[in-house]
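Chemist: Below is the file start-v1.txt, which contains compact mmCIF, N, CA and C atoms.
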# COMPACT_ATOMS: atom_id res chain seq x y z
N MET A 1 111.66 91.28 155.79
CA MET A 1 110.97 91.55 157.01
C MET A 1 111.87 91.09 158.15
N GLY A 2 112.08 91.96 159.08
CA GLY A 2 112.92 91.63 160.22
C GLY A 2 112.08 91.34 161.44
N MET A 3 112.66 90.61 162.31
CA MET A 3 111.93 90.25 163.52
C MET A 3 112.87 90.39 164.71
N ALA A 4 112.44 91.18 165.66
CA ALA A 4 113.26 91.37 166.86
C ALA A 4 112.79 90.38 167.92
N VAL A 5 113.72 89.59 168.42
CA VAL A 5 113.38 88.59 169.43
C VAL A 5 114.07 88.99 170.74
N GLY A 6 113.36 88.86 171.78
CA GLY A 6 113.96 89.17 173.07
C GLY A 6 113.39 90.46 173.62
N GLY A 7 113.97 90.89 174.65
CA GLY A 7 113.48 92.10 175.29
C GLY A 7 112.32 91.78 176.20
N GLN A 8 111.66 92.79 176.66
CA GLN A 8 110.62 92.58 177.65
C GLN A 8 109.25 92.35 177.05
N GLY A 9 108.99 92.79 175.83
CA GLY A 9 107.64 92.67 175.28
C GLY A 9 107.45 91.42 174.46
N GLY A 10 108.42 90.61 174.28
CA GLY A 10 108.28 89.42 173.46
C GLY A 10 108.68 89.70 172.03
N ALA A 11 108.17 88.90 171.10
CA ALA A 11 108.53 89.04 169.69
C ALA A 11 107.79 90.22 169.08
N VAL A 12 108.54 91.08 168.32
CA VAL A 12 107.96 92.24 167.65
C VAL A 12 108.33 92.16 166.17
N ALA A 13 107.33 92.24 165.31
CA ALA A 13 107.57 92.17 163.86
C ALA A 13 107.63 93.57 163.28
N ASN A 14 108.76 93.96 162.67
CA ASN A 14 108.93 95.25 162.01
C ASN A 14 109.27 95.01 160.54
N ILE A 15 108.68 95.79 159.68
CA ILE A 15 108.99 95.69 158.26
C ILE A 15 110.21 96.55 157.97
N ASN A 16 111.20 95.96 157.33
CA ASN A 16 112.38 96.70 156.93
C ASN A 16 112.08 97.38 155.59
N MET A 17 111.95 98.71 155.56
CA MET A 17 111.53 99.46 154.37
C MET A 17 112.67 99.71 153.38
N THR A 18 113.89 99.57 153.79
CA THR A 18 115.03 99.91 152.94
C THR A 18 115.06 99.10 151.64
N PRO A 19 114.90 97.78 151.65
CA PRO A 19 114.92 97.05 150.36
C PRO A 19 113.76 97.44 149.45
N MET A 20 112.60 97.74 150.02
CA MET A 20 111.45 98.12 149.19
C MET A 20 111.70 99.47 148.52
N ILE A 21 112.30 100.41 149.25
CA ILE A 21 112.60 101.72 148.67
C ILE A 21 113.67 101.58 147.59
N ASP A 22 114.65 100.72 147.81
CA ASP A 22 115.68 100.49 146.79
C ASP A 22 115.07 99.96 145.50
N VAL A 23 114.16 99.01 145.62
CA VAL A 23 113.50 98.44 144.44
C VAL A 23 112.70 99.52 143.73
N LEU A 24 111.96 100.35 144.45
CA LEU A 24 111.17 101.41 143.84
C LEU A 24 112.07 102.42 143.12
N LEU A 25 113.18 102.77 143.70
CA LEU A 25 114.09 103.71 143.06
C LEU A 25 114.67 103.14 141.77
N VAL A 26 115.00 101.86 141.78
CA VAL A 26 115.51 101.22 140.56
C VAL A 26 114.43 101.22 139.48
N LEU A 27 113.20 100.92 139.84
CA LEU A 27 112.11 100.93 138.86
C LEU A 27 111.87 102.32 138.29
N ILE A 28 111.93 103.33 139.15
CA ILE A 28 111.76 104.70 138.67
C ILE A 28 112.86 105.06 137.67
N ILE A 29 114.07 104.70 137.95
CA ILE A 29 115.18 105.00 137.05
C ILE A 29 115.00 104.27 135.72
N ILE A 30 114.58 103.01 135.78
CA ILE A 30 114.35 102.24 134.54
C ILE A 30 113.29 102.91 133.69
N PHE A 31 112.17 103.31 134.29
CA PHE A 31 111.11 103.95 133.52
C PHE A 31 111.52 105.32 132.99
N MET A 32 112.35 106.04 133.73
CA MET A 32 112.83 107.34 133.25
C MET A 32 113.75 107.17 132.05
N VAL A 33 114.51 106.10 132.00
CA VAL A 33 115.42 105.87 130.88
C VAL A 33 114.65 105.37 129.66
N ILE A 34 113.65 104.53 129.87
CA ILE A 34 112.91 103.92 128.76
C ILE A 34 111.94 104.90 128.11
N THR A 35 111.36 105.82 128.85
CA THR A 35 110.31 106.70 128.33
C THR A 35 110.73 107.48 127.09
N PRO A 36 111.89 108.11 127.02
CA PRO A 36 112.24 108.82 125.78
C PRO A 36 112.47 107.91 124.59
N LEU A 37 112.68 106.63 124.80
CA LEU A 37 112.96 105.70 123.71
C LEU A 37 111.71 105.10 123.10
N THR A 38 110.53 105.36 123.68
CA THR A 38 109.31 104.77 123.14
C THR A 38 109.02 105.35 121.77
N PRO A 39 108.59 104.50 120.83
CA PRO A 39 108.34 104.99 119.47
C PRO A 39 107.13 105.92 119.45
N LYS A 40 107.20 106.89 118.56
CA LYS A 40 106.11 107.83 118.41
C LYS A 40 105.40 107.53 117.10
N GLY A 41 104.26 108.13 116.90
CA GLY A 41 103.48 107.92 115.69
C GLY A 41 104.11 108.62 114.49
N LEU A 42 103.40 108.64 113.40
CA LEU A 42 103.88 109.31 112.19
C LEU A 42 103.91 110.81 112.41
N GLU A 43 104.95 111.45 111.91
CA GLU A 43 104.98 112.90 111.96
C GLU A 43 104.07 113.43 110.86
N ALA A 44 103.24 114.35 111.22
CA ALA A 44 102.29 114.90 110.26
C ALA A 44 102.76 116.26 109.77
N LEU A 45 102.90 116.41 108.48
CA LEU A 45 103.24 117.68 107.86
C LEU A 45 102.01 118.19 107.13
N VAL A 46 101.73 119.46 107.29
CA VAL A 46 100.57 120.04 106.65
C VAL A 46 101.03 121.27 105.88
N PRO A 47 100.65 121.39 104.61
CA PRO A 47 101.08 122.57 103.84
C PRO A 47 100.43 123.82 104.41
N GLN A 48 101.22 124.86 104.53
CA GLN A 48 100.70 126.12 105.05
C GLN A 48 100.25 126.99 103.89
N PRO A 49 99.05 127.56 103.98
CA PRO A 49 98.58 128.41 102.88
C PRO A 49 99.40 129.70 102.81
N ALA A 50 99.58 130.20 101.58
CA ALA A 50 100.33 131.44 101.38
C ALA A 50 99.48 132.62 101.85
N PRO A 51 100.12 133.67 102.33
CA PRO A 51 99.36 134.87 102.69
C PRO A 51 98.60 135.39 101.48
N PRO A 52 97.45 136.03 101.68
CA PRO A 52 96.60 136.43 100.55
C PRO A 52 97.27 137.42 99.59
N ASN A 53 98.19 138.25 100.08
CA ASN A 53 98.79 139.28 99.21
C ASN A 53 100.07 138.82 98.53
N GLN A 54 100.51 137.59 98.80
CA GLN A 54 101.79 137.12 98.27
C GLN A 54 101.56 136.24 97.05
N GLN A 55 102.43 136.42 96.04
CA GLN A 55 102.34 135.58 94.85
C GLN A 55 103.05 134.26 95.10
N GLN A 56 102.64 133.24 94.35
CA GLN A 56 103.28 131.94 94.50
C GLN A 56 104.64 131.96 93.82
N ASN A 57 105.60 131.32 94.47
CA ASN A 57 106.94 131.26 93.88
C ASN A 57 107.15 129.89 93.25
N ASP A 58 108.36 129.68 92.71
CA ASP A 58 108.68 128.43 92.01
C ASP A 58 108.61 127.22 92.92
N ALA A 59 108.96 127.39 94.20
CA ALA A 59 108.93 126.25 95.13
C ALA A 59 107.51 125.77 95.37
N ASP A 60 106.53 126.70 95.36
CA ASP A 60 105.14 126.30 95.55
C ASP A 60 104.65 125.48 94.37
N GLN A 61 105.15 125.78 93.17
CA GLN A 61 104.72 125.05 91.99
C GLN A 61 105.37 123.67 91.92
N ARG A 62 106.44 123.47 92.68
CA ARG A 62 107.13 122.19 92.67
C ARG A 62 106.57 121.24 93.73
N THR A 63 105.56 121.65 94.46
CA THR A 63 104.97 120.80 95.49
C THR A 63 104.31 119.60 94.82
N VAL A 64 104.57 118.42 95.35
CA VAL A 64 104.01 117.19 94.80
C VAL A 64 102.88 116.73 95.71
N VAL A 65 101.68 116.61 95.14
CA VAL A 65 100.52 116.15 95.88
C VAL A 65 99.99 114.89 95.20
N VAL A 66 99.90 113.82 95.97
CA VAL A 66 99.32 112.58 95.46
C VAL A 66 97.89 112.51 95.98
N SER A 67 96.93 112.53 95.06
CA SER A 67 95.52 112.50 95.42
C SER A 67 94.97 111.11 95.19
N VAL A 68 94.18 110.63 96.15
CA VAL A 68 93.51 109.34 96.02
C VAL A 68 92.02 109.61 96.03
N ALA A 69 91.33 109.28 94.93
CA ALA A 69 89.90 109.55 94.81
C ALA A 69 89.09 108.43 95.47
N LYS A 70 87.79 108.65 95.51
CA LYS A 70 86.88 107.69 96.15
C LYS A 70 86.92 106.33 95.46
N ASP A 71 87.12 106.32 94.13
CA ASP A 71 87.19 105.06 93.38
C ASP A 71 88.60 104.47 93.38
N LYS A 72 89.48 104.99 94.26
CA LYS A 72 90.86 104.54 94.46
C LYS A 72 91.78 104.85 93.27
N SER A 73 91.34 105.74 92.39
CA SER A 73 92.24 106.19 91.33
C SER A 73 93.17 107.24 91.91
N MET A 74 94.40 107.31 91.39
CA MET A 74 95.42 108.19 91.95
C MET A 74 95.86 109.20 90.91
N MET A 75 96.28 110.36 91.43
CA MET A 75 96.84 111.41 90.58
C MET A 75 98.04 112.02 91.29
N ILE A 76 99.10 112.27 90.53
CA ILE A 76 100.24 113.03 91.03
C ILE A 76 100.08 114.42 90.45
N ASN A 77 99.74 115.38 91.31
CA ASN A 77 99.33 116.73 90.89
C ASN A 77 98.18 116.60 89.90
N THR A 78 98.39 116.75 88.61
CA THR A 78 97.30 116.61 87.64
C THR A 78 97.50 115.42 86.72
N GLU A 79 98.52 114.63 86.99
CA GLU A 79 98.87 113.49 86.14
C GLU A 79 98.25 112.20 86.69
N PRO A 80 97.35 111.55 85.93
CA PRO A 80 96.76 110.30 86.42
C PRO A 80 97.81 109.19 86.50
N THR A 81 97.67 108.35 87.51
CA THR A 81 98.58 107.22 87.69
C THR A 81 97.83 106.11 88.41
N ASP A 82 98.49 104.99 88.61
CA ASP A 82 97.88 103.91 89.40
C ASP A 82 98.91 103.41 90.40
N GLU A 83 98.50 102.43 91.18
CA GLU A 83 99.35 101.93 92.27
C GLU A 83 100.67 101.35 91.75
N ASN A 84 100.65 100.69 90.60
CA ASN A 84 101.87 100.08 90.05
C ASN A 84 102.85 101.11 89.51
N LYS A 85 102.35 102.20 88.96
CA LYS A 85 103.22 103.22 88.35
C LYS A 85 103.64 104.30 89.35
N LEU A 86 103.02 104.34 90.53
CA LEU A 86 103.27 105.42 91.48
C LEU A 86 104.72 105.45 91.96
N GLY A 87 105.26 104.30 92.37
CA GLY A 87 106.64 104.24 92.87
C GLY A 87 107.66 104.70 91.86
N PRO A 88 107.68 104.10 90.64
CA PRO A 88 108.67 104.55 89.64
C PRO A 88 108.50 106.02 89.25
N ARG A 89 107.26 106.50 89.21
CA ARG A 89 107.03 107.90 88.83
C ARG A 89 107.56 108.84 89.92
N LEU A 90 107.35 108.49 91.19
CA LEU A 90 107.88 109.31 92.28
C LEU A 90 109.41 109.31 92.28
N GLU A 91 110.01 108.15 91.99
CA GLU A 91 111.48 108.10 91.88
C GLU A 91 111.97 109.03 90.79
N GLU A 92 111.27 109.04 89.67
CA GLU A 92 111.66 109.89 88.54
C GLU A 92 111.52 111.37 88.90
N ILE A 93 110.46 111.72 89.59
CA ILE A 93 110.23 113.13 89.97
C ILE A 93 111.31 113.60 90.94
N PHE A 94 111.64 112.78 91.92
CA PHE A 94 112.56 113.20 92.98
C PHE A 94 114.02 112.86 92.69
N LYS A 95 114.30 112.43 91.49
CA LYS A 95 115.68 112.07 91.13
C LYS A 95 116.62 113.27 91.24
N THR A 96 116.15 114.45 90.89
CA THR A 96 117.01 115.64 90.88
C THR A 96 116.72 116.60 92.03
N ARG A 97 115.82 116.28 92.90
CA ARG A 97 115.45 117.20 93.98
C ARG A 97 116.18 116.86 95.26
N ALA A 98 116.56 117.91 95.98
CA ALA A 98 117.24 117.70 97.26
C ALA A 98 116.22 117.43 98.37
N GLU A 99 115.13 118.19 98.37
CA GLU A 99 114.10 117.98 99.40
C GLU A 99 113.10 116.96 98.90
N ARG A 100 112.96 115.89 99.64
CA ARG A 100 112.09 114.80 99.24
C ARG A 100 110.84 114.84 100.11
N LEU A 101 109.83 115.60 99.65
CA LEU A 101 108.62 115.85 100.41
C LEU A 101 107.41 115.74 99.49
N ILE A 102 106.42 114.97 99.92
CA ILE A 102 105.15 114.92 99.18
C ILE A 102 104.01 115.09 100.17
N PHE A 103 102.85 115.44 99.63
CA PHE A 103 101.63 115.52 100.41
C PHE A 103 100.64 114.52 99.83
N VAL A 104 99.91 113.86 100.70
CA VAL A 104 98.92 112.88 100.28
C VAL A 104 97.55 113.42 100.65
N LYS A 105 96.66 113.42 99.65
CA LYS A 105 95.30 113.92 99.85
C LYS A 105 94.34 112.79 99.51
N GLY A 106 93.56 112.36 100.49
CA GLY A 106 92.61 111.28 100.29
C GLY A 106 91.18 111.78 100.36
N ASP A 107 90.31 111.13 99.66
CA ASP A 107 88.88 111.45 99.70
C ASP A 107 88.37 111.20 101.12
N PRO A 108 87.48 112.04 101.64
CA PRO A 108 86.98 111.84 103.02
C PRO A 108 86.25 110.51 103.22
N ASP A 109 85.66 109.96 102.15
CA ASP A 109 84.93 108.69 102.28
C ASP A 109 85.82 107.48 102.09
N LEU A 110 87.09 107.70 101.84
CA LEU A 110 88.04 106.62 101.58
C LEU A 110 88.54 106.03 102.88
N GLU A 111 88.79 104.73 102.90
CA GLU A 111 89.38 104.10 104.08
C GLU A 111 90.85 104.47 104.17
N PHE A 112 91.36 104.54 105.39
CA PHE A 112 92.73 104.98 105.59
C PHE A 112 93.74 104.01 105.00
N GLN A 113 93.40 102.73 104.89
CA GLN A 113 94.37 101.77 104.37
C GLN A 113 94.78 102.10 102.93
N ASP A 114 93.89 102.73 102.16
CA ASP A 114 94.24 103.13 100.80
C ASP A 114 95.22 104.29 100.81
N VAL A 115 95.06 105.21 101.75
CA VAL A 115 96.02 106.32 101.90
C VAL A 115 97.33 105.77 102.45
N ALA A 116 97.27 104.80 103.35
CA ALA A 116 98.48 104.21 103.93
C ALA A 116 99.31 103.50 102.86
N LYS A 117 98.66 102.93 101.84
CA LYS A 117 99.40 102.30 100.74
C LYS A 117 100.27 103.33 100.02
N VAL A 118 99.70 104.52 99.78
CA VAL A 118 100.45 105.58 99.11
C VAL A 118 101.63 106.01 99.97
N ILE A 119 101.41 106.15 101.27
CA ILE A 119 102.49 106.53 102.19
C ILE A 119 103.57 105.46 102.18
N ASP A 120 103.17 104.21 102.18
CA ASP A 120 104.13 103.10 102.17
C ASP A 120 104.95 103.09 100.87
N ILE A 121 104.29 103.31 99.75
CA ILE A 121 105.01 103.35 98.47
C ILE A 121 106.00 104.51 98.46
N ALA A 122 105.56 105.67 98.98
CA ALA A 122 106.45 106.85 99.00
C ALA A 122 107.65 106.60 99.89
N LYS A 123 107.45 106.02 101.07
CA LYS A 123 108.58 105.72 101.96
C LYS A 123 109.48 104.66 101.31
N GLY A 124 108.89 103.75 100.54
CA GLY A 124 109.67 102.70 99.89
C GLY A 124 110.62 103.21 98.83
N VAL A 125 110.26 104.32 98.17
CA VAL A 125 111.14 104.88 97.14
C VAL A 125 112.08 105.93 97.71
N GLY A 126 112.07 106.11 99.03
CA GLY A 126 113.06 106.97 99.66
C GLY A 126 112.63 108.39 99.93
N ILE A 127 111.33 108.65 99.93
CA ILE A 127 110.86 110.00 100.25
C ILE A 127 110.90 110.18 101.76
N ASP A 128 111.59 111.24 102.19
CA ASP A 128 111.82 111.45 103.62
C ASP A 128 110.57 111.86 104.38
N LYS A 129 109.85 112.83 103.84
CA LYS A 129 108.72 113.41 104.56
C LYS A 129 107.44 113.25 103.75
N VAL A 130 106.40 112.77 104.43
CA VAL A 130 105.09 112.61 103.81
C VAL A 130 104.10 113.39 104.65
N GLY A 131 103.44 114.36 104.04
CA GLY A 131 102.44 115.16 104.74
C GLY A 131 101.05 114.75 104.32
N LEU A 132 100.08 115.01 105.19
CA LEU A 132 98.69 114.69 104.90
C LEU A 132 97.91 115.97 104.71
N MET A 133 97.10 116.03 103.66
CA MET A 133 96.27 117.20 103.39
C MET A 133 94.84 116.90 103.77
N THR A 134 94.20 117.84 104.40
CA THR A 134 92.80 117.72 104.78
C THR A 134 91.99 118.78 104.03
N PRO A 135 90.68 118.60 103.92
CA PRO A 135 89.87 119.63 103.23
C PRO A 135 89.97 120.99 103.91
N GLU A 136 90.12 121.02 105.24
CA GLU A 136 90.22 122.29 105.94
C GLU A 136 91.51 123.02 105.55
N MET A 137 92.61 122.26 105.40
CA MET A 137 93.88 122.86 105.02
C MET A 137 93.82 123.37 103.58
N GLU A 138 93.11 122.66 102.71
CA GLU A 138 92.98 123.11 101.33
C GLU A 138 92.20 124.40 101.25
N ALA A 139 91.20 124.53 102.12
CA ALA A 139 90.38 125.75 102.11
C ALA A 139 91.12 126.92 102.75
N GLY A 140 92.22 126.65 103.44
CA GLY A 140 93.03 127.72 104.02
C GLY A 140 92.64 128.06 105.44
N HIS A 141 91.95 127.17 106.12
CA HIS A 141 91.55 127.42 107.52
C HIS A 141 92.62 126.97 108.46
Can the structure from this file be put into structure tokens for me?
Modeler:
Amino acid sequence: MGMAVGGQGGAVANINMTPMIDVLLVLIIIFMVITPLTPKGLEALVPQPAPPNQQQNDADQRTVVVSVAKDKSMMINTEPTDENKLGPRLEEIFKTRAERLIFVKGDPDLEFQDVAKVIDIAKGVGIDKVGLMTPEMEAGH
């Protein structure tokens, strides 16, 4: 804040706006740089249903779906498994595959923490992409 002394009217107080504008410009630049670096949530992958007239190919049959039932029992496609065997079994399945992608399907009445355990185990064994399946996606909507 500057103050002009002297002259005919006495003391006059004027606010010097230049330092305030400089500070605001620096803050704007800081926020512009930081904004793209903020972490984002989990990327959600959803399987796309095949067109009705198209036959399923070999890649569709190789899709790995981990299902978690209401009683917290787990299945890899049609193979029953449990929490302790899930990691080693996923490692064995993806040992020869280039694309490391699974889908997790949880019961609607299940708490998310049980689905999150499966996602955590899958990420722990090195699976790159984990998609979530919903009943609407299964029905093809």
Chemist: By how many Å are atom N of Val104 (chain A) and CA of Asn84 (chain A) apart?
Modeler: 17.5 Å
Chemist: At a cut-off of 5 Å, using all atoms listed in the file, what residues contact Val64 (chain A)? Leave out same-chain residues fewer than 2 positions from it and give the result as a tab-separated table (two decimals) with N, CA and C atoms, in the frame of the given file.
Modeler:
chain	number	residue	atom	x	y	z
A	62	ARG	N	106.44	123.47	92.68
A	62	ARG	CA	107.13	122.19	92.67
A	62	ARG	C	106.57	121.24	93.73
A	66	VAL	N	99.90	113.82	95.97
A	66	VAL	CA	99.32	112.58	95.46
A	66	VAL	C	97.89	112.51	95.98
A	102	ILE	N	106.42	114.97	99.92
A	102	ILE	CA	105.15	114.92	99.18
A	102	ILE	C	104.01	115.09	100.17
A	103	PHE	N	102.85	115.44	99.63
A	103	PHE	CA	101.63	115.52	100.41
A	103	PHE	C	100.64	114.52	99.83
Chemist: State, in Å with one decimal place, the distance from atom C of Lys70 (chain A) to CA of Pro108 (chain A).
Modeler: 9.4 Å
Chemist: Rounded to one decimal place, report the CA of Ile29 (chain A)-CA of Asn16 (chain A) distance in Å.
Modeler: 21.7 Å
Chemist: Just checking: using only C-alpha atoms, which residue out of A:Asp120, A:Asp82, A:Asp107, A:Glu99 ends up closest to Thr134 (chain A)?
Modeler: A:Asp107
Chemist: Go through A:Glu91, A:Val68, A:Glu83, A:Ile127 one by one, measure the shortest atom-to-atom distance of each to Val115 (chain A) using all atoms listed in the file, and give the residue with the smallest value.
Modeler: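 Looking only at the distances to Val115 (chain A), the closest residue turns out to be A:Val68.
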Chemist: Which residue, A:Val12, A:Ala69, A:Val26, A:Thr35, has the smallest gap to Glu111 (chain A) when you use only C-alpha atoms?
Modeler: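 Once distances to Glu111 (chain A) are computed over only C-alpha atoms, the minimum belongs to A:Ala69.
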